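Notes for the one structure printed next.
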Amino acid sequence: MVTATALETELLELAGSVPDPELPVLTLHELGVVRAVHLTGADAVEVDLTPTYTGCPAVETMSADIAQVLRAHGMREVTVRTVLTPAWSTDDITPEGRRKLQQSGIAPPRTQHTAGPVALTLGPTRTGDAGDPAPEAIRCPHCDSADTELLSRFSSTACKALRRCLACREPFDHFKEL
């Protein structure tokens, strides 16, 4: 294992500070998609970026934004590599990122803490009953009720589902677990 230099650490922080183009309340660090920065020369750097899913349409924009930030910091040559292994998981979202999702009205994903593929189950669209929330309930980011229902498995992006709270009646996005 190679230890990052002070400059690589600084450049990693700069690359991670770029806002996500689809969820601008989060930085790429908070989303957990910027994995590493490697100096390849005095003013050349390579950035490892793992998209949230293989066909993520935001990769080009993220790459261009990272390159712009690092060039502004004196890097003449910036290469952003798409790295698919290990795959990104919603467990990679930082606690600060989860807090920011909640504050912006998006229910954060539940923590999986599992190695390997996440089991897919197609069950009921309701996640809890008033007064008896299930532990796996998706809580409303507006009123914290566990009594929510699925309206659509897809929302404004493929990473999110559209839900509605049955307590406060507000619709909200839920960042799906991957």
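We name chains A, B, ... following the order of the structure tokens; residues begin at 1 in each chain, and ligands are numbered from 1 as shown.
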For Arg35 in chain A, list every protein, DNA or RNA residue within 9 Å, evaluated using only C-alpha atoms, and leave out those in the same chain fewer than 4 positions away; present the list as a PDB file with C-alpha atoms, in the first residue's frame.
```
ATOM      1  CA  LEU A  12      -7.841  14.684  -3.285  1.00  0.00           C
ATOM      2  CA  GLY A  16     -13.662  15.872  -3.513  1.00  0.00           C
ATOM      3  CA  HIS A  29     -16.276  13.414  -1.406  1.00  0.00           C
ATOM      4  CA  VAL A  47      -7.887  10.891 -10.373  1.00  0.00           C
ATOM      5  CA  ASP A  48      -9.811   7.657  -9.719  1.00  0.00           C
ATOM      6  CA  LEU A  49     -13.579   8.229  -9.942  1.00  0.00           C
ATOM      7  CA  THR A  50     -16.142   5.493  -9.270  1.00  0.00           C
ATOM      8  CA  VAL A  83     -12.754   2.879 -11.839  1.00  0.00           C
TER       9      VAL A  83
END
```
Quiz prompt | Polymer residues at most 9 Å from Val37 in chain A, only C-alpha atoms, same-chain spacing of 4 or more positions, as a PyMOL selection string | solution = chain A and resi 4+8-9+11-12+15+45-48
Please dump the current selection as a compact mmCIF listing (two decimals), in the first residue's frame; keep N, CA and C atoms.
```
# COMPACT_ATOMS: atom_id res chain seq x y z
N ALA A 4 -0.17 8.28 0.41
CA ALA A 4 -0.33 9.49 -0.40
C ALA A 4 0.60 10.59 0.11
N GLU A 8 -0.80 15.02 -2.91
CA GLU A 8 -1.90 14.14 -3.34
C GLU A 8 -3.09 14.26 -2.41
N THR A 9 -2.83 14.35 -1.12
CA THR A 9 -3.91 14.52 -0.14
C THR A 9 -4.64 15.84 -0.37
N LEU A 11 -4.79 17.54 -3.23
CA LEU A 11 -5.50 17.46 -4.50
C LEU A 11 -6.75 16.58 -4.37
N LEU A 12 -6.67 15.53 -3.54
CA LEU A 12 -7.84 14.68 -3.29
C LEU A 12 -8.95 15.50 -2.62
N ALA A 15 -10.43 17.77 -5.35
CA ALA A 15 -11.30 17.01 -6.26
C ALA A 15 -12.59 16.62 -5.55
N VAL A 45 -1.56 14.76 -12.87
CA VAL A 45 -2.27 13.99 -11.84
C VAL A 45 -3.31 13.08 -12.49
N GLU A 46 -3.53 11.96 -11.84
CA GLU A 46 -4.58 11.03 -12.26
C GLU A 46 -5.55 10.86 -11.10
N VAL A 47 -6.84 10.99 -11.39
CA VAL A 47 -7.89 10.89 -10.37
C VAL A 47 -8.71 9.64 -10.65
N ASP A 48 -8.95 8.83 -9.61
CA ASP A 48 -9.81 7.66 -9.72
C ASP A 48 -11.22 8.05 -9.29
```
Exercise. Write out as a list in words which residues come within 8 Å of Arg164 in chain A when counting only C-alpha atoms, dropping same-chain ones fewer than 5 positions away.
Key: Cys140, Thr148, Glu149, Leu150, Leu151, Arg169, Glu170, Pro171 and Phe172 of chain A
Exercise. As an MDAnalysis selection string, please: all residues of chain A that backbone DSSP puts in alpha helix (DSSP H).
Key: chainID A and resid 6:16 28:31 59:72 95:103
